[in-house]
Amino acid sequence: MSAIRTPSAARGLYARRAAVACGLAALTGSLVLGGGTAHAAPPTPPDAATVRGYLGELQVSPEGSMDGYSRTKFPHWSTQSGQCNTREVVLKRDGENVQQDAKCAAVSGTWASPYDGATWHDAQDIDIDHIVPLAQAWRSGANTWTTAQRQAFANDLTRPQLIAVTDRVNQAKGDKDPAQWMPPLNSYACTYARMWVTVKHHYKLTVDSAEKEKLAAVLNGC
């Protein structure tokens, strides 16, 4: 038999149920809002096993010369939409709570650099790194490309080629390959190697023997 509730008891039950419902709604709302600010990243490269296969397909060749190289031969940053160019698109994608002005420039936000684990709140402290540097690409096959092909490479948002990182760390990297430089944060080594090989494989760029040996060693440990 069901218990008989007095009007006051019923009102109390309804109040408790309403409080629980409001609490759940608030929790759900906070989870949804929190999910919207999760740290983003470049396109995810294939897994290590797949990338090891890619590495085996890359042509091994000594690096070419820098003769004729200029960054202007890799036009960047290209307009992506409206007044937003590739750099600003990556800053927005890789940051949290990024606010942009009328010209699409990032005026506030938070960026966590995966290369060194540092966190920044000023876009001026952030560089957009080409995973495979432009000069490195030039020495491994891009010297024979058309300007349009080099422009596509320098602004590629589809492959894991562009990433927001601490400016001074990017400057320390320069145009070095993985045999010469790896991100200071060791936990990012596997991801970095997967990204590097994925980009070189897609663009049919060569690797030198030391570069391939280093990449193989990193990928075998993933």
# chains A, B, ... in the order shown; residues from 1 in each chain; ligands from 1
$ residues_around --residues "segment 135-150 of chain A" --least-positions-apart "2" --cutoff "9 Å" --atoms "only C-alpha atoms" --output "ChimeraX atom specification"
/A:61-66,68-71,73-75,132-133,152-155,174-177,200,203-208
$ residues_around --residues "Cys104 of chain A" --least-positions-apart "5" --cutoff "8 Å" --atoms "only C-alpha atoms" --output "compact mmCIF listing (two decimals) with N, CA and C atoms, in the first residue's frame"
# COMPACT_ATOMS: atom_id res chain seq x y z
N GLN A 83 39.16 37.91 -42.96
CA GLN A 83 40.47 38.49 -42.67
C GLN A 83 41.38 37.54 -41.90
N CYS A 84 40.96 36.28 -41.78
CA CYS A 84 41.74 35.30 -41.02
C CYS A 84 42.74 34.57 -41.90
N GLU A 88 46.41 32.78 -37.78
CA GLU A 88 45.33 33.06 -36.84
C GLU A 88 44.40 31.87 -36.67
$ residues_around --residues "Thr44 of chain A" --least-positions-apart "2" --cutoff "8 Å" --atoms "only C-alpha atoms" --output "list in words"
Ala41, Pro42, Pro46, Pro160 and Met195 of chain A
$ select_by_dssp --residues "segment 70-114 of chain A" --states "alpha helix (DSSP H)" --output "list in words"
Thr86, Arg87, Glu88, Val89, Val90, Leu91, Lys92, Arg93 and Asp94 of chain A
$ write_last_selection --atoms "N, CA, C and O atoms" --output "mmCIF file, in the first residue's frame"
data_model
loop_
_atom_site.group_PDB
_atom_site.id
_atom_site.type_symbol
_atom_site.label_atom_id
_atom_site.label_comp_id
_atom_site.auth_asym_id
_atom_site.auth_seq_id
_atom_site.Cartn_x
_atom_site.Cartn_y
_atom_site.Cartn_z
ATOM 1 N N THR A 86 46.269 31.834 -42.097
ATOM 2 C CA THR A 86 46.579 30.515 -41.542
ATOM 3 C C THR A 86 47.086 30.602 -40.103
ATOM 4 O O THR A 86 46.707 29.797 -39.249
ATOM 5 N N ARG A 87 47.957 31.577 -39.827
ATOM 6 C CA ARG A 87 48.482 31.715 -38.462
ATOM 7 C C ARG A 87 47.345 31.901 -37.463
ATOM 8 O O ARG A 87 47.315 31.253 -36.409
ATOM 9 N N GLU A 88 46.410 32.784 -37.777
ATOM 10 C CA GLU A 88 45.330 33.061 -36.842
ATOM 11 C C GLU A 88 44.398 31.873 -36.675
ATOM 12 O O GLU A 88 43.879 31.621 -35.581
ATOM 13 N N VAL A 89 44.206 31.113 -37.747
ATOM 14 C CA VAL A 89 43.386 29.907 -37.651
ATOM 15 C C VAL A 89 44.029 28.906 -36.692
ATOM 16 O O VAL A 89 43.356 28.295 -35.853
ATOM 17 N N VAL A 90 45.347 28.749 -36.777
ATOM 18 C CA VAL A 90 46.036 27.807 -35.888
ATOM 19 C C VAL A 90 46.030 28.309 -34.446
ATOM 20 O O VAL A 90 45.844 27.529 -33.509
ATOM 21 N N LEU A 91 46.224 29.609 -34.258
ATOM 22 C CA LEU A 91 46.167 30.160 -32.902
ATOM 23 C C LEU A 91 44.812 29.891 -32.265
ATOM 24 O O LEU A 91 44.722 29.521 -31.094
ATOM 25 N N LYS A 92 43.759 30.073 -33.033
ATOM 26 C CA LYS A 92 42.405 29.810 -32.526
ATOM 27 C C LYS A 92 42.213 28.326 -32.253
ATOM 28 O O LYS A 92 41.683 27.930 -31.204
ATOM 29 N N ARG A 93 42.653 27.489 -33.170
ATOM 30 C CA ARG A 93 42.475 26.043 -33.050
ATOM 31 C C ARG A 93 43.242 25.466 -31.860
ATOM 32 O O ARG A 93 42.730 24.611 -31.126
ATOM 33 N N ASP A 94 44.474 25.904 -31.663
ATOM 34 C CA ASP A 94 45.340 25.289 -30.657
ATOM 35 C C ASP A 94 45.240 25.927 -29.280
ATOM 36 O O ASP A 94 45.870 25.447 -28.337
#
$ closest_residue --among "A:Asp167, A:Val51, A:Ile128, A:Leu157" --to "Tyr192 of chain A" --atoms "only C-alpha atoms"
A:Val51
$ atom_distance --atom1 "atom CA of Ser187 of chain A" --atom2 "atom CA of Gly109 of chain A"
24.4 Å
$ closest_residue --among "A:Gln151, A:Val98, A:Leu134, A:Thr110" --to "Thr79 of chain A" --atoms "only C-alpha atoms"
A:Gln151
$ atom_distance --atom1 "atom CA of Thr191 of chain A" --atom2 "atom CA of Ala123 of chain A"
23.5 Å
$ residues_around --residues "Ala179 of chain A" --least-positions-apart "5" --cutoff "6 Å" --atoms "only C-alpha atoms" --output "PDB file with C-alpha atoms, in the first residue's frame"
ATOM      1  CA  ALA A 210      70.614   9.715 -39.680  1.00  0.00           C
ATOM      2  CA  GLU A 211      67.105  11.187 -39.758  1.00  0.00           C
ATOM      3  CA  LYS A 214      66.376   8.525 -35.264  1.00  0.00           C
TER       4      LYS A 214
END
$ closest_residue --among "A:Lys173, A:Arg52, A:Arg194, A:Lys212" --to "Asp129 of chain A" --atoms "only C-alpha atoms"
A:Lys173
$ residues_around --residues "Arg168 of chain A" --least-positions-apart "5" --cutoff "9 Å" --atoms "only C-alpha atoms" --output "ChimeraX atom specification"
/A:125-127,173
$ write_last_selection --atoms "N, CA, C and O atoms" --output "compact mmCIF listing (two decimals), in the first residue's frame"
# COMPACT_ATOMS: atom_id res chain seq x y z
N ASP A 125 53.93 35.41 -27.66
CA ASP A 125 54.88 34.42 -27.15
C ASP A 125 54.79 33.10 -27.91
O ASP A 125 55.50 32.14 -27.60
N ILE A 126 53.90 33.05 -28.91
CA ILE A 126 53.64 31.82 -29.64
C ILE A 126 54.11 31.93 -31.09
O ILE A 126 53.88 32.93 -31.76
N ASP A 127 54.80 30.89 -31.55
CA ASP A 127 55.12 30.74 -32.96
C ASP A 127 54.25 29.63 -33.53
O ASP A 127 53.89 28.69 -32.81
N LYS A 173 64.68 25.11 -32.56
CA LYS A 173 64.54 24.04 -33.55
C LYS A 173 65.08 24.46 -34.91
O LYS A 173 65.79 23.71 -35.57
$ atom_distance --atom1 "atom CA of Gln124 of chain A" --atom2 "atom CA of Cys190 of chain A"
27.6 Å
$ closest_residue --among "A:Val60, A:His130, A:Ala189, A:Thr198" --to "Ala217 of chain A" --atoms "only C-alpha atoms"
A:Ala189
$ residues_around --residues "Tyr54 of chain A" --least-positions-apart "4" --cutoff "8 Å" --atoms "only C-alpha atoms" --output "PyMOL selection string"
chain A and resi 50+58+197-198+201
$ write_last_selection --atoms "N, CA and C atoms" --output "PDB file, in the first residue's frame"
ATOM      1  N   THR A  50      51.352   2.262 -38.260  1.00  0.00           N
ATOM      2  CA  THR A  50      51.121   2.769 -39.615  1.00  0.00           C
ATOM      3  C   THR A  50      52.262   3.663 -40.062  1.00  0.00           C
ATOM      4  N   LEU A  58      59.710   5.842 -47.403  1.00  0.00           N
ATOM      5  CA  LEU A  58      60.384   7.086 -47.752  1.00  0.00           C
ATOM      6  C   LEU A  58      61.732   6.819 -48.413  1.00  0.00           C
ATOM      7  N   VAL A 197      56.874  12.122 -39.951  1.00  0.00           N
ATOM      8  CA  VAL A 197      56.870  11.107 -41.005  1.00  0.00           C
ATOM      9  C   VAL A 197      55.600  11.205 -41.849  1.00  0.00           C
ATOM     10  N   THR A 198      54.471  11.468 -41.206  1.00  0.00           N
ATOM     11  CA  THR A 198      53.206  11.592 -41.943  1.00  0.00           C
ATOM     12  C   THR A 198      53.292  12.702 -42.984  1.00  0.00           C
ATOM     13  N   HIS A 201      55.799  11.743 -45.777  1.00  0.00           N
ATOM     14  CA  HIS A 201      55.239  10.688 -46.610  1.00  0.00           C
ATOM     15  C   HIS A 201      54.208  11.261 -47.574  1.00  0.00           C
TER      16      HIS A 201
END
